[in-house]
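Q: Before we start, here is the structure in question, set down as structure tokens.
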Amino acid sequence: MSHPHPELSPPPPLPEGGLRVTPLGGLGEIGRNMTVFEYGGRLLIVDCGVLFPEEEQPGIDLILPDFSSIRDRLDDIEGIVLTHGHEDHIGGVPFLLREKPDIPLIGSKLTLALIEAKLQEHRIRPYTLEVAEGHRERIGPFDCEFVAVNHSIPDALAVAIRTPAGMVVHTGDFKMDQLPLDNRLTDLHAFARLSEEGIDLLLSDSTNAEVPGFVPPEREISNVLRQVFAGARKRIIVASFASHVHRIQQILDAAHEYGRRVAFVGRSMVRNMGIARDLGYLKVPPGLVVDVKTLDDLPDSEVVLVCTGSQGEPMAALSRMANRDHQIRIVQGDTVILASSLIPGNENAVYRVINGLTRWGANVIHKGNAKVHVSGHASAGELLYFYNICRPKNLMPVHGEWRHLRANAELGALTGVPHDRIVIAEDGVAVDLVEGKAKISGKVQAGYVYVDGLSVGDVGEPALKDRKILGDEGIISVFVVMDSSTGKITGGPHIQARGSGIEDSAFGDVIPRVTEVLERSAQDGVVEPHQLQQLIRRTLGKWVSDTYRRRPMILPVVVEV
């Protein structure tokens, strides 16, 4: 198995007749999925998603793929193929289209409807090409065939990309639910047909590669939901991803059966479910869904609220309910269902929300105590089955953390893919398919690009480090006025602390030290403000460390008069 080295150099020009595959996100992480295919000087992008921030990234709203490696080649992009409508696959599209709005988007009906609604908010009207399973489209030099796959959102597609260099199959996210709610199976017959033609490189979903066996059918959740609905005496509040149409359908079915009305809470939930209903993917009995404003007129035993926030996102509806910062107040006897997976890294935030809801008297049902979620990704048994059907000549695990990629690679090896034909890459690593063999050729820049409010890419790792220090240790500011001609102190030092746990009165012990250091520097002829600030920072920092074992941010200001 080949794998990247941290010191890989940029890839050389692509050999004539070769195909280059460069993931810009989604490898070594869950989210930010984006892969660039290059042939004959032209580019095809598959997915362009976002990653949601973790606790060590304070203030960040979203994390984007790094577009720098393709920024000067935007005119070479033939289109963006979107495998399905989840945020980790489409959320980055508006930010790429800001740079070139006329890049065509190719996807299924629901996927395009979801991204078009999102682009409206960015005032971008995209060029779109709607495709479905069985369609075959020529997109520049890329001959793309689309294959139905089952996932936790309707209309998901895999894509087979044919070029003279060979055929590459990108699975997108998929599983093999044999009893899907929409009766739309992963098309194993199509994959077998592609296998007969010869799959030169398979890019396969790795998320559940460590999980043995097969994913249970989605419809198994229905019985659990019915039991919860049957036992609930007051309101039922369900938190789910705003794009999980199948899960919401089961909630609607249970609500209808038990005589409850349903209201959607949160802009993205209202928007996405409206789109799914209008396109026929969500079956809503007449009168079942009502406006949230009408709920006050209904008894609690007839109310179901469906909202976002199943991952503990601070600004989502459920988190705000847990913090008593929402118009909907949790009361004793409410039932809250977290009907989604737990994305790695979100555990603390989710359990914080669960604790908050429990504090106010809610009965919280989640994956840990009831079967209210099944995964949308193939487990190890399904992947083995899939590889035996596809028989790829080369394998590249995608979509997963390092442990998932490794586990997926081992599964491929067990089914007969030669070890030297399995490529474990990471974001930015270019993999070239030349003369039937895939191998790593170099690495391009593919770091995190942070979205902070309206700022995109302006916040970097140094700023996040400063935010962490401010959050963990606080800040101490020092203000000094100095005579510019003599270098003598004419005012201060004035020291104030915020968030450091140190009382301002305590600084009386260190002010004489700071004054002494500044006077000595003036005698030595050191009067340059930046040098004096460094002296203040070192002196005060050592005192704080020795006295309190703390390392707050120290911000000295020297004013010359």
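Residue numbering restarts at 1 in every chain; chains get A, B, ... in the order shown in the structure tokens, and ligands count up from 1 in that same order.
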To test your reading of the structure, identify every residue in segment 209-395 of chain A that backbone DSSP assigns to strand (DSSP E or B), and report it as a PyMOL selection string.
A: chain A and resi 236-239+261-264+289+303-307+335-338+363-365+379+395
Q: Based on the selection just made, write C-alpha atoms of those residues as a PDB file, in the first residue's frame.
A:
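Writing the result to selection-v2.pdb gives the following:
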```pdb
ATOM      1  CA  ILE A 236     -42.098  15.355  21.128  1.00  0.00           C
ATOM      2  CA  ILE A 237     -39.090  17.276  19.803  1.00  0.00           C
ATOM      3  CA  VAL A 238     -36.980  15.576  17.135  1.00  0.00           C
ATOM      4  CA  ALA A 239     -33.521  16.805  16.144  1.00  0.00           C
ATOM      5  CA  ARG A 261     -49.329  17.734  14.253  1.00  0.00           C
ATOM      6  CA  VAL A 262     -45.803  18.512  13.073  1.00  0.00           C
ATOM      7  CA  ALA A 263     -44.021  21.857  12.854  1.00  0.00           C
ATOM      8  CA  PHE A 264     -40.568  22.377  11.361  1.00  0.00           C
ATOM      9  CA  VAL A 289     -47.633  19.918   8.981  1.00  0.00           C
ATOM     10  CA  VAL A 303     -47.409  18.390  19.099  1.00  0.00           C
ATOM     11  CA  VAL A 304     -44.230  17.262  17.304  1.00  0.00           C
ATOM     12  CA  LEU A 305     -41.413  19.706  16.616  1.00  0.00           C
ATOM     13  CA  VAL A 306     -38.711  18.822  14.096  1.00  0.00           C
ATOM     14  CA  CYS A 307     -35.560  20.923  14.368  1.00  0.00           C
ATOM     15  CA  THR A 335     -39.578  13.888  24.925  1.00  0.00           C
ATOM     16  CA  VAL A 336     -36.532  14.796  22.816  1.00  0.00           C
ATOM     17  CA  ILE A 337     -35.264  12.428  20.109  1.00  0.00           C
ATOM     18  CA  LEU A 338     -31.771  12.882  18.638  1.00  0.00           C
ATOM     19  CA  ASN A 363     -36.712  12.507  28.452  1.00  0.00           C
ATOM     20  CA  VAL A 364     -33.881  12.376  25.886  1.00  0.00           C
ATOM     21  CA  ILE A 365     -33.815   9.475  23.421  1.00  0.00           C
ATOM     22  CA  SER A 379     -20.105  -1.356   6.845  1.00  0.00           C
ATOM     23  CA  LEU A 395      -8.301   1.141  -5.003  1.00  0.00           C
TER      24      LEU A 395
END
```
Q: Tell me, as a ChimeraX atom specification, which residues lie within 8 Å of segment 425-433 of chain A, counting only C-alpha atoms; anything in the same chain fewer than 3 positions away does not count.
A: /A:2-4,11,14,18-28,165-166,201,396-397,436-447
Q: Find the distance between atom CA of Lys234 of chain A and atom CA of Asp300 of chain A and write it in Å to one decimal.
A: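 Computing the Euclidean distance for atom CA of Lys234 of chain A and atom CA of Asp300 of chain A yields 4.8 Å.
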Q: Let's see if you can do this: from backbone DSSP, list all helix (DSSP H, G or I) residues in segment 29-231 of chain A, as an NGL selection string.
A: :A and (71-76 or 87-90 or 93-97 or 109-121 or 188-197 or 218-231)
Q: Output N, CA and C atoms of each residue in that selection to a file, as a compact mmCIF listing (two decimals), in the first residue's frame.
A:
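Output contents, as saved in out_21.txt:
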```txt
# COMPACT_ATOMS: atom_id res chain seq x y z
N ARG A 71 -7.15 27.75 -8.38
CA ARG A 71 -7.65 29.12 -8.53
C ARG A 71 -7.25 29.74 -9.86
N ASP A 72 -6.04 29.44 -10.33
CA ASP A 72 -5.62 30.01 -11.62
C ASP A 72 -6.03 29.11 -12.80
N ARG A 73 -6.88 28.10 -12.51
CA ARG A 73 -7.33 27.19 -13.57
C ARG A 73 -8.86 27.09 -13.59
N LEU A 74 -9.52 28.09 -13.09
CA LEU A 74 -10.98 28.03 -13.04
C LEU A 74 -11.61 27.89 -14.42
N ASP A 75 -10.96 28.46 -15.43
CA ASP A 75 -11.48 28.36 -16.80
C ASP A 75 -11.35 26.94 -17.36
N ASP A 76 -10.51 26.11 -16.71
CA ASP A 76 -10.33 24.73 -17.17
C ASP A 76 -11.37 23.77 -16.60
N GLU A 87 -24.49 18.58 3.36
CA GLU A 87 -23.63 19.76 3.46
C GLU A 87 -22.17 19.44 3.26
N ASP A 88 -21.73 18.26 3.70
CA ASP A 88 -20.31 17.93 3.56
C ASP A 88 -19.95 17.58 2.12
N HIS A 89 -20.94 17.69 1.21
CA HIS A 89 -20.68 17.47 -0.22
C HIS A 89 -21.09 18.66 -1.09
N ILE A 90 -21.97 19.51 -0.59
CA ILE A 90 -22.40 20.66 -1.42
C ILE A 90 -22.17 22.01 -0.75
N VAL A 93 -19.93 24.77 -2.39
CA VAL A 93 -20.19 25.21 -3.77
C VAL A 93 -20.37 26.73 -3.87
N PRO A 94 -21.16 27.37 -2.98
CA PRO A 94 -21.32 28.82 -3.12
C PRO A 94 -20.00 29.58 -3.07
N PHE A 95 -19.05 29.10 -2.29
CA PHE A 95 -17.78 29.81 -2.14
C PHE A 95 -16.90 29.63 -3.37
N LEU A 96 -17.01 28.47 -4.05
CA LEU A 96 -16.27 28.29 -5.30
C LEU A 96 -16.93 29.07 -6.42
N LEU A 97 -18.26 29.09 -6.45
CA LEU A 97 -18.95 29.83 -7.51
C LEU A 97 -18.83 31.34 -7.34
N LYS A 109 -32.11 15.55 -9.28
CA LYS A 109 -33.14 16.58 -9.10
C LYS A 109 -33.11 17.16 -7.69
N LEU A 110 -33.13 16.31 -6.66
CA LEU A 110 -33.17 16.82 -5.28
C LEU A 110 -31.87 17.54 -4.93
N THR A 111 -30.75 16.97 -5.33
CA THR A 111 -29.45 17.59 -5.03
C THR A 111 -29.37 18.99 -5.61
N LEU A 112 -29.77 19.14 -6.87
CA LEU A 112 -29.71 20.46 -7.51
C LEU A 112 -30.71 21.42 -6.86
N ALA A 113 -31.87 20.92 -6.46
CA ALA A 113 -32.85 21.79 -5.81
C ALA A 113 -32.31 22.32 -4.49
N LEU A 114 -31.62 21.48 -3.74
CA LEU A 114 -31.05 21.91 -2.45
C LEU A 114 -29.94 22.93 -2.65
N ILE A 115 -29.07 22.71 -3.63
CA ILE A 115 -27.97 23.65 -3.83
C ILE A 115 -28.47 24.95 -4.45
N GLU A 116 -29.48 24.88 -5.30
CA GLU A 116 -30.03 26.11 -5.88
C GLU A 116 -30.65 26.99 -4.81
N ALA A 117 -31.34 26.37 -3.84
CA ALA A 117 -31.90 27.15 -2.73
C ALA A 117 -30.80 27.79 -1.91
N LYS A 118 -29.73 27.08 -1.71
CA LYS A 118 -28.60 27.63 -0.95
C LYS A 118 -27.93 28.77 -1.72
N LEU A 119 -27.80 28.62 -3.03
CA LEU A 119 -27.16 29.65 -3.85
C LEU A 119 -28.00 30.91 -3.94
N GLN A 120 -29.32 30.76 -3.81
CA GLN A 120 -30.17 31.95 -3.81
C GLN A 120 -29.78 32.91 -2.70
N GLU A 121 -29.41 32.37 -1.54
CA GLU A 121 -28.99 33.19 -0.41
C GLU A 121 -27.71 33.95 -0.73
N LEU A 188 -26.43 -2.69 -7.87
CA LEU A 188 -25.31 -3.62 -7.97
C LEU A 188 -25.17 -4.19 -9.37
N HIS A 189 -26.29 -4.28 -10.09
CA HIS A 189 -26.22 -4.76 -11.48
C HIS A 189 -25.38 -3.80 -12.32
N ALA A 190 -25.57 -2.49 -12.12
CA ALA A 190 -24.79 -1.51 -12.88
C ALA A 190 -23.31 -1.60 -12.52
N PHE A 191 -23.01 -1.77 -11.23
CA PHE A 191 -21.60 -1.89 -10.82
C PHE A 191 -20.98 -3.17 -11.40
N ALA A 192 -21.77 -4.25 -11.46
CA ALA A 192 -21.26 -5.49 -12.06
C ALA A 192 -20.96 -5.28 -13.55
N ARG A 193 -21.84 -4.53 -14.22
CA ARG A 193 -21.61 -4.24 -15.64
C ARG A 193 -20.34 -3.40 -15.84
N LEU A 194 -20.16 -2.41 -14.97
CA LEU A 194 -18.94 -1.61 -15.04
C LEU A 194 -17.71 -2.47 -14.75
N SER A 195 -17.86 -3.43 -13.84
CA SER A 195 -16.76 -4.33 -13.53
C SER A 195 -16.36 -5.17 -14.74
N GLU A 196 -17.36 -5.60 -15.49
CA GLU A 196 -17.06 -6.38 -16.70
C GLU A 196 -16.29 -5.54 -17.71
N GLU A 197 -16.63 -4.25 -17.76
CA GLU A 197 -15.89 -3.34 -18.66
C GLU A 197 -14.48 -3.09 -18.14
N GLU A 218 -33.08 1.00 7.23
CA GLU A 218 -33.63 2.25 7.76
C GLU A 218 -35.02 2.03 8.37
N ARG A 219 -35.80 1.15 7.78
CA ARG A 219 -37.18 0.99 8.22
C ARG A 219 -37.28 0.35 9.61
N GLU A 220 -36.17 -0.21 10.14
CA GLU A 220 -36.21 -0.77 11.49
C GLU A 220 -36.43 0.30 12.55
N ILE A 221 -36.10 1.55 12.20
CA ILE A 221 -36.27 2.65 13.15
C ILE A 221 -37.75 2.91 13.41
N SER A 222 -38.59 2.62 12.45
CA SER A 222 -40.01 2.94 12.55
C SER A 222 -40.64 2.37 13.81
N ASN A 223 -40.33 1.09 14.13
CA ASN A 223 -40.93 0.46 15.31
C ASN A 223 -40.49 1.15 16.59
N VAL A 224 -39.22 1.56 16.65
CA VAL A 224 -38.71 2.26 17.84
C VAL A 224 -39.42 3.60 17.98
N LEU A 225 -39.58 4.31 16.87
CA LEU A 225 -40.25 5.61 16.93
C LEU A 225 -41.70 5.45 17.38
N ARG A 226 -42.36 4.40 16.92
CA ARG A 226 -43.74 4.18 17.34
C ARG A 226 -43.83 3.95 18.85
N GLN A 227 -42.88 3.19 19.40
CA GLN A 227 -42.86 2.95 20.84
C GLN A 227 -42.67 4.26 21.60
N VAL A 228 -41.77 5.12 21.10
CA VAL A 228 -41.53 6.41 21.76
C VAL A 228 -42.79 7.27 21.68
N PHE A 229 -43.41 7.31 20.51
CA PHE A 229 -44.62 8.13 20.34
C PHE A 229 -45.75 7.60 21.22
N ALA A 230 -45.85 6.29 21.32
CA ALA A 230 -46.93 5.69 22.12
C ALA A 230 -46.78 6.04 23.61
N GLY A 231 -45.53 6.16 24.07
CA GLY A 231 -45.30 6.42 25.49
C GLY A 231 -45.20 7.89 25.86
```
Q: Could you list, as a list in words, every residue within 10 Å of Val374 of chain A, counting only C-alpha atoms and ignoring same-chain residues fewer than 3 positions away?
A: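 Near Val374 of chain A, the qualifying residues are Ser152, Val215, Pro216, Pro217, Glu218, Arg219, Glu220, Ile221, Arg247, Ala339, Ser340, Ser341, Lys367, Lys371 and His377 of chain A.
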Q: Between A:Ile153, A:Leu384, A:Val423, A:Ala254, which one has atoms that come closest to Asn272 of chain A, using only C-alpha atoms?
A: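 Answer, going by the shortest atom-to-atom distance: A:Ile153.
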Q: Taking only C-alpha atoms into account, which of A:Arg267, A:His404, A:Arg421, A:Lys488 comes nearest Val527 of chain A?
A: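 For Val527 of chain A, the nearest of the candidates is A:Lys488.
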Q: Select, from A:Gly381, A:Gln523, A:Ile63, A:Glu473, the residue with the minimum atom-to-atom distance to Arg551 of chain A, counting only C-alpha atoms.
A: A:Glu473
Q: Measure the distance from atom CA of Ile30 of chain A to atom CA of Gln178 of chain A in Å and round it to one decimal.
A: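 Interatomic distance, atom CA of Ile30 of chain A to atom CA of Gln178 of chain A: 25.1 Å.
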Q: Find the residue from A:Pro141, A:Gly333, A:Gly274, A:Gly376 that sits nearest to Leu43 of chain A; use only C-alpha atoms when measuring.
A: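 Smallest separation from Leu43 of chain A among the options: A:Pro141.
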Q: Fewer than 4 positions away in the same chain doesn't count, so skip those; otherwise give me all residues within 9 Å of Val46 of chain A, counting only C-alpha atoms, as a ChimeraX atom specification.
A: /A:33-37,79-83,89,159,170,172
Q: As an NGL selection string, please: the residues near Asn150 of chain A (cut-off 9 Å, only C-alpha atoms, same-chain neighbours under 5 positions excluded).
A: :A and (155-157 or 173-177 or 180 or 184-187 or 376-377)
Q: Keeping all heavy atoms for every residue in the selection just given, could you write it to a file as a CSV table (one decimal), in the first residue's frame?
A:
```csv
chain,number,residue,atom,x,y,z
A,155,ASP,N,-31.9,10.3,-3.8
A,155,ASP,CA,-31.3,10.7,-5.1
A,155,ASP,C,-29.8,10.7,-5.1
A,155,ASP,O,-29.2,11.5,-5.8
A,155,ASP,CB,-31.8,12.1,-5.4
A,155,ASP,CG,-32.8,12.1,-6.6
A,155,ASP,OD1,-33.2,11.0,-7.0
A,155,ASP,OD2,-33.2,13.2,-7.1
A,156,ALA,N,-29.2,9.9,-4.2
A,156,ALA,CA,-27.7,9.9,-4.2
A,156,ALA,C,-27.2,9.1,-5.4
A,156,ALA,O,-27.9,8.2,-5.9
A,156,ALA,CB,-27.2,9.3,-2.9
A,157,LEU,N,-26.1,9.5,-5.9
A,157,LEU,CA,-25.5,8.9,-7.1
A,157,LEU,C,-24.0,8.6,-7.0
A,157,LEU,O,-23.3,9.4,-6.3
A,157,LEU,CB,-25.6,9.9,-8.3
A,157,LEU,CG,-27.1,10.2,-8.8
A,157,LEU,CD1,-27.0,11.4,-9.8
A,157,LEU,CD2,-27.7,9.0,-9.4
A,173,ASP,N,-21.2,8.8,-1.1
A,173,ASP,CA,-21.6,8.1,0.1
A,173,ASP,C,-22.6,7.0,-0.2
A,173,ASP,O,-23.6,7.3,-0.9
A,173,ASP,CB,-22.2,9.1,1.1
A,173,ASP,CG,-21.1,10.0,1.7
A,173,ASP,OD1,-20.0,9.9,1.3
A,173,ASP,OD2,-21.5,10.9,2.4
A,174,PHE,N,-22.5,5.8,0.3
A,174,PHE,CA,-23.4,4.8,-0.1
A,174,PHE,C,-23.5,3.7,1.0
A,174,PHE,O,-22.6,3.5,1.8
A,174,PHE,CB,-23.1,4.2,-1.4
A,174,PHE,CG,-22.0,3.1,-1.3
A,174,PHE,CD1,-22.4,1.7,-1.5
A,174,PHE,CD2,-20.7,3.4,-1.1
A,174,PHE,CE1,-21.4,0.7,-1.4
A,174,PHE,CE2,-19.7,2.4,-1.1
A,174,PHE,CZ,-20.1,1.1,-1.2
A,175,LYS,N,-24.6,3.0,0.9
A,175,LYS,CA,-24.8,1.7,1.7
A,175,LYS,C,-25.6,0.8,0.9
A,175,LYS,O,-26.0,1.1,-0.2
A,175,LYS,CB,-25.4,2.0,3.1
A,175,LYS,CG,-26.8,2.6,3.0
A,175,LYS,CD,-27.4,2.8,4.4
A,175,LYS,CE,-28.7,3.4,4.4
A,175,LYS,NZ,-29.3,3.5,5.8
A,176,MET,N,-25.9,-0.4,1.4
A,176,MET,CA,-26.7,-1.4,0.7
A,176,MET,C,-27.9,-1.8,1.4
A,176,MET,O,-28.2,-3.0,1.6
A,176,MET,CB,-25.8,-2.6,0.4
A,176,MET,CG,-24.6,-2.3,-0.6
A,176,MET,SD,-23.9,-3.9,-1.0
A,176,MET,CE,-22.4,-3.2,-1.8
A,177,ASP,N,-28.7,-0.9,1.8
A,177,ASP,CA,-30.0,-1.1,2.4
A,177,ASP,C,-30.9,-1.9,1.4
A,177,ASP,O,-31.1,-1.4,0.3
A,177,ASP,CB,-30.7,0.2,2.8
A,177,ASP,CG,-31.9,0.0,3.7
A,177,ASP,OD1,-32.5,-1.1,3.7
A,177,ASP,OD2,-32.3,0.9,4.4
A,180,PRO,N,-35.0,-0.3,1.4
A,180,PRO,CA,-35.0,1.2,1.5
A,180,PRO,C,-36.4,1.7,1.5
A,180,PRO,O,-37.3,1.2,0.9
A,180,PRO,CB,-34.2,1.7,0.3
A,180,PRO,CG,-34.3,0.6,-0.7
A,180,PRO,CD,-34.4,-0.6,0.1
A,184,ARG,N,-35.4,2.5,-3.6
A,184,ARG,CA,-34.3,2.8,-4.5
A,184,ARG,C,-33.0,2.1,-4.0
A,184,ARG,O,-32.4,2.6,-3.1
A,184,ARG,CB,-34.1,4.3,-4.7
A,184,ARG,CG,-33.2,4.7,-5.7
A,184,ARG,CD,-33.2,6.3,-5.8
A,184,ARG,NE,-32.3,6.8,-6.8
A,184,ARG,CZ,-31.0,7.1,-6.5
A,184,ARG,NH1,-30.5,6.9,-5.3
A,184,ARG,NH2,-30.2,7.6,-7.4
A,185,LEU,N,-32.7,1.0,-4.6
A,185,LEU,CA,-31.6,0.2,-4.2
A,185,LEU,C,-30.3,0.7,-4.8
A,185,LEU,O,-30.3,1.3,-5.8
A,185,LEU,CB,-31.7,-1.3,-4.6
A,185,LEU,CG,-32.9,-2.0,-3.9
A,185,LEU,CD1,-33.3,-3.3,-4.8
A,185,LEU,CD2,-32.6,-2.5,-2.5
A,186,THR,N,-29.1,0.4,-4.1
A,186,THR,CA,-27.8,0.6,-4.7
A,186,THR,C,-27.8,-0.4,-5.9
A,186,THR,O,-28.0,-1.6,-5.7
A,186,THR,CB,-26.7,0.3,-3.7
A,186,THR,OG1,-26.7,1.3,-2.7
A,186,THR,CG2,-25.4,0.2,-4.4
A,187,ASP,N,-27.5,0.1,-7.1
A,187,ASP,CA,-27.6,-0.6,-8.3
A,187,ASP,C,-26.4,-1.5,-8.5
A,187,ASP,O,-25.5,-1.2,-9.3
A,187,ASP,CB,-27.8,0.3,-9.5
A,187,ASP,CG,-28.2,-0.4,-10.8
A,187,ASP,OD1,-28.2,-1.6,-10.8
A,187,ASP,OD2,-28.6,0.3,-11.7
A,376,GLY,N,-25.7,5.8,7.2
A,376,GLY,CA,-25.9,5.9,5.8
A,376,GLY,C,-24.7,5.4,5.0
A,376,GLY,O,-24.7,5.7,3.8
A,377,HIS,N,-23.8,4.8,5.7
A,377,HIS,CA,-22.5,4.4,5.1
A,377,HIS,C,-22.3,2.9,5.2
A,377,HIS,O,-22.6,2.3,6.2
A,377,HIS,CB,-21.4,5.1,5.7
A,377,HIS,CG,-21.5,6.6,5.6
A,377,HIS,ND1,-20.9,7.3,4.6
A,377,HIS,CD2,-22.0,7.5,6.5
A,377,HIS,CE1,-21.2,8.6,4.8
A,377,HIS,NE2,-21.9,8.7,5.9
```
